[in-house]
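Student: Below is the file run-v3.cif, which contains mmCIF, C-alpha atoms.
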```cif
data_work
loop_
_atom_site.group_PDB
_atom_site.id
_atom_site.type_symbol
_atom_site.label_atom_id
_atom_site.label_comp_id
_atom_site.auth_asym_id
_atom_site.auth_seq_id
_atom_site.Cartn_x
_atom_site.Cartn_y
_atom_site.Cartn_z
ATOM 1 C CA MET C 1 -36.453 -11.492 47.473
ATOM 2 C CA LEU C 2 -35.824 -14.685 45.522
ATOM 3 C CA PHE C 3 -37.444 -13.089 42.472
ATOM 4 C CA LYS C 4 -35.041 -10.127 42.752
ATOM 5 C CA LYS C 5 -32.018 -12.434 42.846
ATOM 6 C CA ILE C 6 -33.257 -14.401 39.841
ATOM 7 C CA LEU C 7 -33.927 -11.177 37.914
ATOM 8 C CA ILE C 8 -30.509 -9.681 38.685
ATOM 9 C CA GLY C 9 -28.801 -13.007 37.953
ATOM 10 C CA SER C 10 -30.617 -13.244 34.610
ATOM 11 C CA ILE C 11 -29.591 -9.727 33.664
ATOM 12 C CA LEU C 12 -25.947 -10.375 34.540
ATOM 13 C CA LEU C 13 -25.951 -13.689 32.665
ATOM 14 C CA CYS C 14 -27.472 -12.058 29.597
ATOM 15 C CA ALA C 15 -24.986 -9.182 29.715
ATOM 16 C CA SER C 16 -22.028 -11.560 29.928
ATOM 17 C CA LEU C 17 -23.274 -13.675 27.021
ATOM 18 C CA CYS C 18 -24.526 -10.885 24.769
ATOM 19 C CA CYS C 19 -21.627 -8.454 24.958
ATOM 20 C CA PRO C 20 -18.368 -9.786 23.554
ATOM 21 C CA GLU C 21 -15.180 -8.534 25.104
ATOM 22 C CA GLU C 22 -13.328 -5.757 23.296
ATOM 23 C CA ASN C 23 -10.571 -8.093 22.069
ATOM 24 C CA ASP C 24 -12.947 -10.819 20.878
ATOM 25 C CA TYR C 25 -12.833 -10.466 17.059
ATOM 26 C CA ASP C 26 -14.208 -12.759 14.390
ATOM 27 C CA CYS C 27 -11.312 -12.327 11.968
ATOM 28 C CA ALA C 28 -12.651 -14.967 9.596
ATOM 29 C CA VAL C 29 -15.083 -12.426 8.120
ATOM 30 C CA VAL C 30 -12.603 -9.527 7.880
ATOM 31 C CA SER C 31 -10.777 -8.596 4.689
ATOM 32 C CA CYS C 32 -7.558 -6.800 5.619
ATOM 33 C CA PRO C 33 -5.880 -4.359 3.222
ATOM 34 C CA SER C 34 -2.938 -5.757 1.340
ATOM 35 C CA SER C 35 0.530 -4.346 1.686
ATOM 36 C CA VAL C 36 1.189 -0.916 0.203
ATOM 37 C CA THR C 37 1.647 -1.030 -3.574
ATOM 38 C CA VAL C 38 2.476 2.012 -5.696
ATOM 39 C CA ALA C 39 1.505 1.781 -9.379
ATOM 40 C CA ILE C 40 3.087 4.155 -11.900
ATOM 41 C CA GLU C 41 2.519 4.679 -15.601
ATOM 42 C CA VAL C 42 5.908 5.764 -16.966
ATOM 43 C CA LEU C 43 5.833 7.920 -20.098
ATOM 44 C CA ALA C 44 8.449 9.357 -22.448
ATOM 45 C CA ASN C 45 7.359 11.410 -25.453
ATOM 46 C CA ASN C 46 3.742 10.773 -24.354
ATOM 47 C CA GLU C 47 4.168 7.003 -24.808
ATOM 48 C CA ASN C 48 4.275 4.261 -22.198
ATOM 49 C CA VAL C 49 7.932 3.192 -22.047
ATOM 50 C CA PHE C 50 7.085 -0.440 -21.257
ATOM 51 C CA GLU C 51 4.403 -0.817 -23.913
ATOM 52 C CA ASN C 52 6.642 0.548 -26.673
ATOM 53 C CA GLU C 53 9.565 -1.470 -25.267
ATOM 54 C CA THR C 54 11.792 1.560 -24.701
ATOM 55 C CA TYR C 55 12.648 0.020 -21.306
ATOM 56 C CA THR C 56 12.270 -3.313 -19.556
ATOM 57 C CA LEU C 57 12.320 -4.083 -15.839
ATOM 58 C CA GLU C 58 15.947 -5.160 -16.197
ATOM 59 C CA ASP C 59 16.863 -1.618 -17.312
ATOM 60 C CA ILE C 60 15.796 -0.107 -13.956
ATOM 61 C CA THR C 61 18.067 0.070 -10.931
ATOM 62 C CA ILE C 62 16.904 1.075 -7.450
ATOM 63 C CA GLU C 63 18.705 3.100 -4.787
ATOM 64 C CA GLY C 64 17.474 4.107 -1.364
ATOM 65 C CA ASP C 65 16.096 2.982 1.990
ATOM 66 C CA ASN C 66 15.969 -0.816 2.183
ATOM 67 C CA SER C 67 15.978 -0.936 -1.612
ATOM 68 C CA SER C 68 16.764 -4.659 -1.552
ATOM 69 C CA ASP C 69 13.240 -5.213 -0.111
ATOM 70 C CA LEU C 70 11.551 -3.301 -2.943
ATOM 71 C CA GLN C 71 10.134 -5.474 -5.727
ATOM 72 C CA LEU C 72 9.341 -4.125 -9.177
ATOM 73 C CA SER C 73 6.922 -5.780 -11.567
ATOM 74 C CA LEU C 74 4.758 -4.862 -14.533
ATOM 75 C CA PHE C 75 0.978 -5.090 -14.465
ATOM 76 C CA GLU C 76 -1.644 -4.424 -17.109
ATOM 77 C CA ASN C 77 -4.718 -2.787 -15.579
ATOM 78 C CA GLU C 78 -8.327 -3.098 -16.755
ATOM 79 C CA ASP C 79 -7.765 -0.250 -19.248
ATOM 80 C CA SER C 80 -4.824 -2.155 -20.794
ATOM 81 C CA ILE C 81 -2.285 0.332 -19.418
ATOM 82 C CA THR C 82 1.037 -1.225 -18.430
ATOM 83 C CA LEU C 83 1.977 -0.038 -14.945
ATOM 84 C CA LEU C 84 5.188 -0.333 -12.963
ATOM 85 C CA LEU C 85 4.303 -1.788 -9.542
ATOM 86 C CA LEU C 86 6.447 -1.106 -6.486
ATOM 87 C CA GLU C 87 5.873 -3.456 -3.566
ATOM 88 C CA ASN C 88 7.748 -4.102 -0.358
ATOM 89 C CA SER C 89 7.214 -7.038 1.964
ATOM 90 C CA ASN C 90 8.996 -5.185 4.764
ATOM 91 C CA TRP C 91 7.951 -1.518 4.702
ATOM 92 C CA GLN C 92 9.687 0.612 7.315
ATOM 93 C CA LEU C 93 7.443 3.025 9.208
ATOM 94 C CA GLY C 94 8.052 6.669 8.397
ATOM 95 C CA SER C 95 9.528 8.087 5.234
ATOM 96 C CA ASN C 96 11.061 5.723 2.653
ATOM 97 C CA THR C 97 12.981 7.338 -0.201
ATOM 98 C CA TYR C 98 13.838 5.527 -3.428
ATOM 99 C CA THR C 99 15.380 6.535 -6.734
ATOM 100 C CA LEU C 100 14.461 4.526 -9.812
ATOM 101 C CA ASN C 101 17.253 4.938 -12.341
ATOM 102 C CA PHE C 102 16.511 4.438 -16.026
ATOM 103 C CA PRO C 103 19.087 4.393 -18.834
ATOM 104 C CA ASP C 104 20.009 7.767 -20.360
ATOM 105 C CA SER C 105 20.060 9.362 -16.852
ATOM 106 C CA ALA C 106 16.268 9.419 -16.534
ATOM 107 C CA LEU C 107 15.088 8.917 -12.969
ATOM 108 C CA ILE C 108 12.070 8.915 -10.690
ATOM 109 C CA VAL C 109 12.479 9.940 -7.035
ATOM 110 C CA LEU C 110 9.847 8.557 -4.677
ATOM 111 C CA GLN C 111 9.168 9.449 -1.072
ATOM 112 C CA ILE C 112 6.725 6.912 0.341
ATOM 113 C CA ASP C 113 5.429 7.646 3.847
ATOM 114 C CA ILE C 114 4.189 4.612 5.755
ATOM 115 C CA PHE C 115 2.283 4.368 9.041
ATOM 116 C CA SER C 116 0.959 1.400 10.986
ATOM 117 C CA SER C 117 -2.727 0.647 11.405
ATOM 118 C CA GLY C 118 -1.929 0.014 15.078
ATOM 119 C CA ASP C 119 -2.083 -3.127 17.118
ATOM 120 C CA VAL C 120 -5.875 -3.339 17.191
ATOM 121 C CA GLY C 121 -8.261 -5.808 15.636
ATOM 122 C CA CYS C 122 -7.796 -8.420 12.981
ATOM 123 C CA CYS C 123 -5.694 -6.205 10.712
ATOM 124 C CA GLY C 124 -3.346 -4.901 13.403
ATOM 125 C CA ASP C 125 0.085 -3.610 12.457
ATOM 126 C CA THR C 126 -0.718 -3.409 8.749
ATOM 127 C CA PRO C 127 1.522 -0.881 6.918
ATOM 128 C CA LEU C 128 -0.588 1.799 5.228
ATOM 129 C CA LEU C 129 0.250 4.618 2.830
ATOM 130 C CA ASP C 130 0.301 7.986 4.599
ATOM 131 C CA GLY C 131 1.824 10.151 1.877
ATOM 132 C CA LEU C 132 3.523 9.973 -1.504
ATOM 133 C CA GLN C 133 5.784 12.360 -3.363
ATOM 134 C CA ILE C 134 7.027 11.672 -6.870
ATOM 135 C CA ASN C 135 9.865 13.884 -8.079
ATOM 136 C CA GLY C 136 9.088 16.296 -5.228
ATOM 137 C CA GLN C 137 5.372 16.651 -6.010
ATOM 138 C CA SER C 138 2.774 15.432 -3.504
ATOM 139 C CA GLN C 139 0.328 12.897 -4.884
ATOM 140 C CA SER C 140 -3.186 11.933 -3.857
ATOM 141 C CA ILE C 141 -2.924 8.686 -1.906
ATOM 142 C CA SER C 142 -6.367 7.648 -3.121
ATOM 143 C CA ALA C 143 -5.294 7.414 -6.781
ATOM 144 C CA ASN C 144 -5.294 3.996 -8.455
ATOM 145 C CA PHE C 145 -2.067 4.797 -10.274
ATOM 146 C CA TYR C 146 0.229 7.754 -10.995
ATOM 147 C CA THR C 147 1.431 8.967 -14.382
ATOM 148 C CA ILE C 148 5.008 10.248 -14.589
ATOM 149 C CA SER C 149 6.852 11.557 -17.624
ATOM 150 C CA LEU C 150 10.600 11.015 -17.955
ATOM 151 C CA ASP C 151 10.841 14.025 -20.324
#
```
Here is the file; what I need is its structure written in the form of structure tokens.

Tutor:
Amino acid sequence: MLFKKILIGSILLCASLCCPEENDYDCAVVSCPSSVTVAIEVLANNENVFENETYTLEDITIEGDNSSDLQLSLFENEDSITLLLLENSNWQLGSNTYTLNFPDSALIVLQIDIFSSGDVGCCGDTPLLDGLQINGQSQSISANFYTISLD
């Protein structure tokens, strides 16, 4: 009988030590996705408008949902293509619509759909890209960047 108690006690002790609880995460080894960033190559007459200096960041105005939270910057990727980056430190869940206005009445209309990763794990409540439309055309959300012509 004593052997049975020792055996059952050993099994229970092992189970409690070997099986972490569901909410026991080691977040130090987890790399969470960064905030949603949309990268766009902007062309006019088949030329990059930032590389040929047709436009600068100061030429672009933004209208739309929480547009004051949207940051624009330029980035040169590994292929030496200058991309317009759109980032937001405070994405709103659901559909976010923005209009990027360029001089000469050129514009880009973006619908950026955001969802939350959920309140689970180390990366809980991270905003993630759920869908993207540029000028009314759906885009693949797995693309590294999108090419848009102002023509």

Student: Can you give me, as a PyMOL selection string, the residues this file yields under the PyMOL selection byres ((chain C and resi 131-143) around 8)?

Tutor: chain C and resi 108-114+129-130+144-146

Student: I'd like the neighbourhood of C:Asp79 as a list of chain:residue names, where a residue qualifies if any of its atoms comes within 12 Å (using all atoms listed in the file), though same-chain residues fewer than 2 positions away should be ignored.

Tutor: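 Close residues of C:Asp79: C:Glu41, C:Phe75, C:Glu76, C:Asn77, C:Ile81, C:Thr82, C:Leu83, C:Asn144, C:Phe145.
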
Student: Looking at all atoms listed in the file, which of C:Leu128, C:Ser149, C:Ser116, C:Asn48 is the one that sits closest to C:Ser80?

Tutor: C:Asn48

Student: For a test of reading the model, state the distance in Å between atom CA of C:Leu72 and atom CA of C:Glu87, rounded to one decimal.

Tutor: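 A separation of 6.6 Å between them.
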
Student: Have a look at C:Pro103, C:Asp69, C:Gln92, C:Tyr55 and name the one nearest to C:Leu43; count all atoms listed in the file.

Tutor: C:Tyr55

Student: Pick from C:Ile148, C:Ala106, C:Gly124, C:Leu70: nearest to C:Val30, with all atoms listed in the file counted?

Tutor: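 Checking each candidate against C:Val30, we get C:Gly124 as the closest.
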
Student: Atom CA of C:Gly64 and atom CA of C:Ala39 are how many Å apart?

Tutor: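 Atom CA of C:Ala39 lies 18.0 Å from atom CA of C:Gly64.
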
Student: Using the chain letters and numbers from the file, which residues does the PyMOL selection byres ((chain C and resi 66) around 10) grab, as a list in words?

Tutor: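 Listing what the PyMOL selection byres ((chain C and resi 66) around 10) selects in the shown file: Ile62, Glu63, Gly64, Asp65, Ser67, Ser68, Asp69, Leu70, Asn88, Asn90, Trp91, Gln92, Asn96, Thr97 and Tyr98 of chain C.
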
Student: If you measure from atom CA of C:Ser34 to atom CA of C:Gly94, what distance in Å do you get, rounded to one decimal?

Tutor: 18.0 Å

Student: Kindly list the centre and edge lengths in Å, rounded to one decimal, for the axis-aligned box that covers all listed atoms of stretch 103-110 of chain C plus 5 Å on each of its six sides, as JSON.

Tutor:
```
{"center_x": 15.0, "center_y": 7.2, "center_z": -12.5, "size_x": 20.2, "size_y": 15.5, "size_z": 25.7}
```

Student: Reconstruct N, CA and C atoms of stretch 100-130 of chain C; output as a compact mmCIF listing (two decimals), in the frame of the given file.

Tutor:
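Here's the written file out21.txt:
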```txt
# COMPACT_ATOMS: atom_id res chain seq x y z
N LEU C 100 14.51 5.50 -8.73
CA LEU C 100 14.46 4.53 -9.81
C LEU C 100 15.26 5.11 -10.96
N ASN C 101 16.36 4.46 -11.29
CA ASN C 101 17.25 4.94 -12.34
C ASN C 101 16.97 4.20 -13.64
N PHE C 102 16.72 4.97 -14.69
CA PHE C 102 16.51 4.44 -16.03
C PHE C 102 17.75 4.76 -16.87
N PRO C 103 17.97 4.04 -17.95
CA PRO C 103 19.09 4.39 -18.83
C PRO C 103 18.94 5.84 -19.33
N ASP C 104 19.99 6.39 -19.83
CA ASP C 104 20.01 7.77 -20.36
C ASP C 104 19.77 8.80 -19.26
N SER C 105 20.13 8.46 -18.00
CA SER C 105 20.06 9.36 -16.85
C SER C 105 18.66 9.77 -16.45
N ALA C 106 17.64 9.13 -16.97
CA ALA C 106 16.27 9.42 -16.53
C ALA C 106 16.07 8.77 -15.16
N LEU C 107 15.33 9.47 -14.28
CA LEU C 107 15.09 8.92 -12.97
C LEU C 107 13.76 9.37 -12.39
N ILE C 108 13.28 8.59 -11.44
CA ILE C 108 12.07 8.91 -10.69
C ILE C 108 12.44 8.83 -9.21
N VAL C 109 12.21 9.92 -8.47
CA VAL C 109 12.48 9.94 -7.04
C VAL C 109 11.15 9.82 -6.30
N LEU C 110 11.07 8.83 -5.42
CA LEU C 110 9.85 8.56 -4.68
C LEU C 110 10.09 8.74 -3.19
N GLN C 111 9.19 9.42 -2.53
CA GLN C 111 9.17 9.45 -1.07
C GLN C 111 7.84 8.83 -0.66
N ILE C 112 7.91 7.67 -0.04
CA ILE C 112 6.72 6.91 0.34
C ILE C 112 6.64 6.92 1.86
N ASP C 113 5.61 7.55 2.40
CA ASP C 113 5.43 7.65 3.85
C ASP C 113 4.47 6.56 4.31
N ILE C 114 4.93 5.77 5.27
CA ILE C 114 4.19 4.61 5.76
C ILE C 114 3.87 4.79 7.24
N PHE C 115 2.64 4.42 7.63
CA PHE C 115 2.28 4.37 9.04
C PHE C 115 1.64 3.02 9.32
N SER C 116 1.53 2.68 10.59
CA SER C 116 0.96 1.40 10.99
C SER C 116 -0.49 1.58 11.38
N SER C 117 -1.31 0.59 11.04
CA SER C 117 -2.73 0.65 11.40
C SER C 117 -2.91 0.52 12.90
N GLY C 118 -1.85 0.19 13.63
CA GLY C 118 -1.93 0.01 15.08
C GLY C 118 -2.17 -1.44 15.43
N ASP C 119 -1.97 -1.74 16.66
CA ASP C 119 -2.08 -3.13 17.12
C ASP C 119 -3.49 -3.41 17.64
N VAL C 120 -4.49 -3.16 16.78
CA VAL C 120 -5.88 -3.34 17.19
C VAL C 120 -6.61 -4.14 16.13
N GLY C 121 -7.39 -5.08 16.54
CA GLY C 121 -8.26 -5.81 15.64
C GLY C 121 -7.55 -6.84 14.80
N CYS C 122 -8.27 -7.34 13.84
CA CYS C 122 -7.80 -8.42 12.98
C CYS C 122 -6.68 -7.96 12.04
N CYS C 123 -6.67 -6.72 11.68
CA CYS C 123 -5.69 -6.20 10.71
C CYS C 123 -4.62 -5.37 11.40
N GLY C 124 -4.32 -5.68 12.64
CA GLY C 124 -3.35 -4.90 13.40
C GLY C 124 -1.97 -4.91 12.78
N ASP C 125 -1.28 -3.81 12.94
CA ASP C 125 0.08 -3.61 12.46
C ASP C 125 0.24 -3.75 10.95
N THR C 126 -0.79 -3.41 10.20
CA THR C 126 -0.72 -3.41 8.75
C THR C 126 -0.08 -2.09 8.29
N PRO C 127 0.96 -2.13 7.44
CA PRO C 127 1.52 -0.88 6.92
C PRO C 127 0.54 -0.24 5.94
N LEU C 128 0.34 1.06 6.09
CA LEU C 128 -0.59 1.80 5.23
C LEU C 128 0.10 3.03 4.67
N LEU C 129 -0.32 3.45 3.48
CA LEU C 129 0.25 4.62 2.83
C LEU C 129 -0.27 5.89 3.49
N ASP C 130 0.65 6.73 3.93
CA ASP C 130 0.30 7.99 4.60
C ASP C 130 0.57 9.19 3.71
```
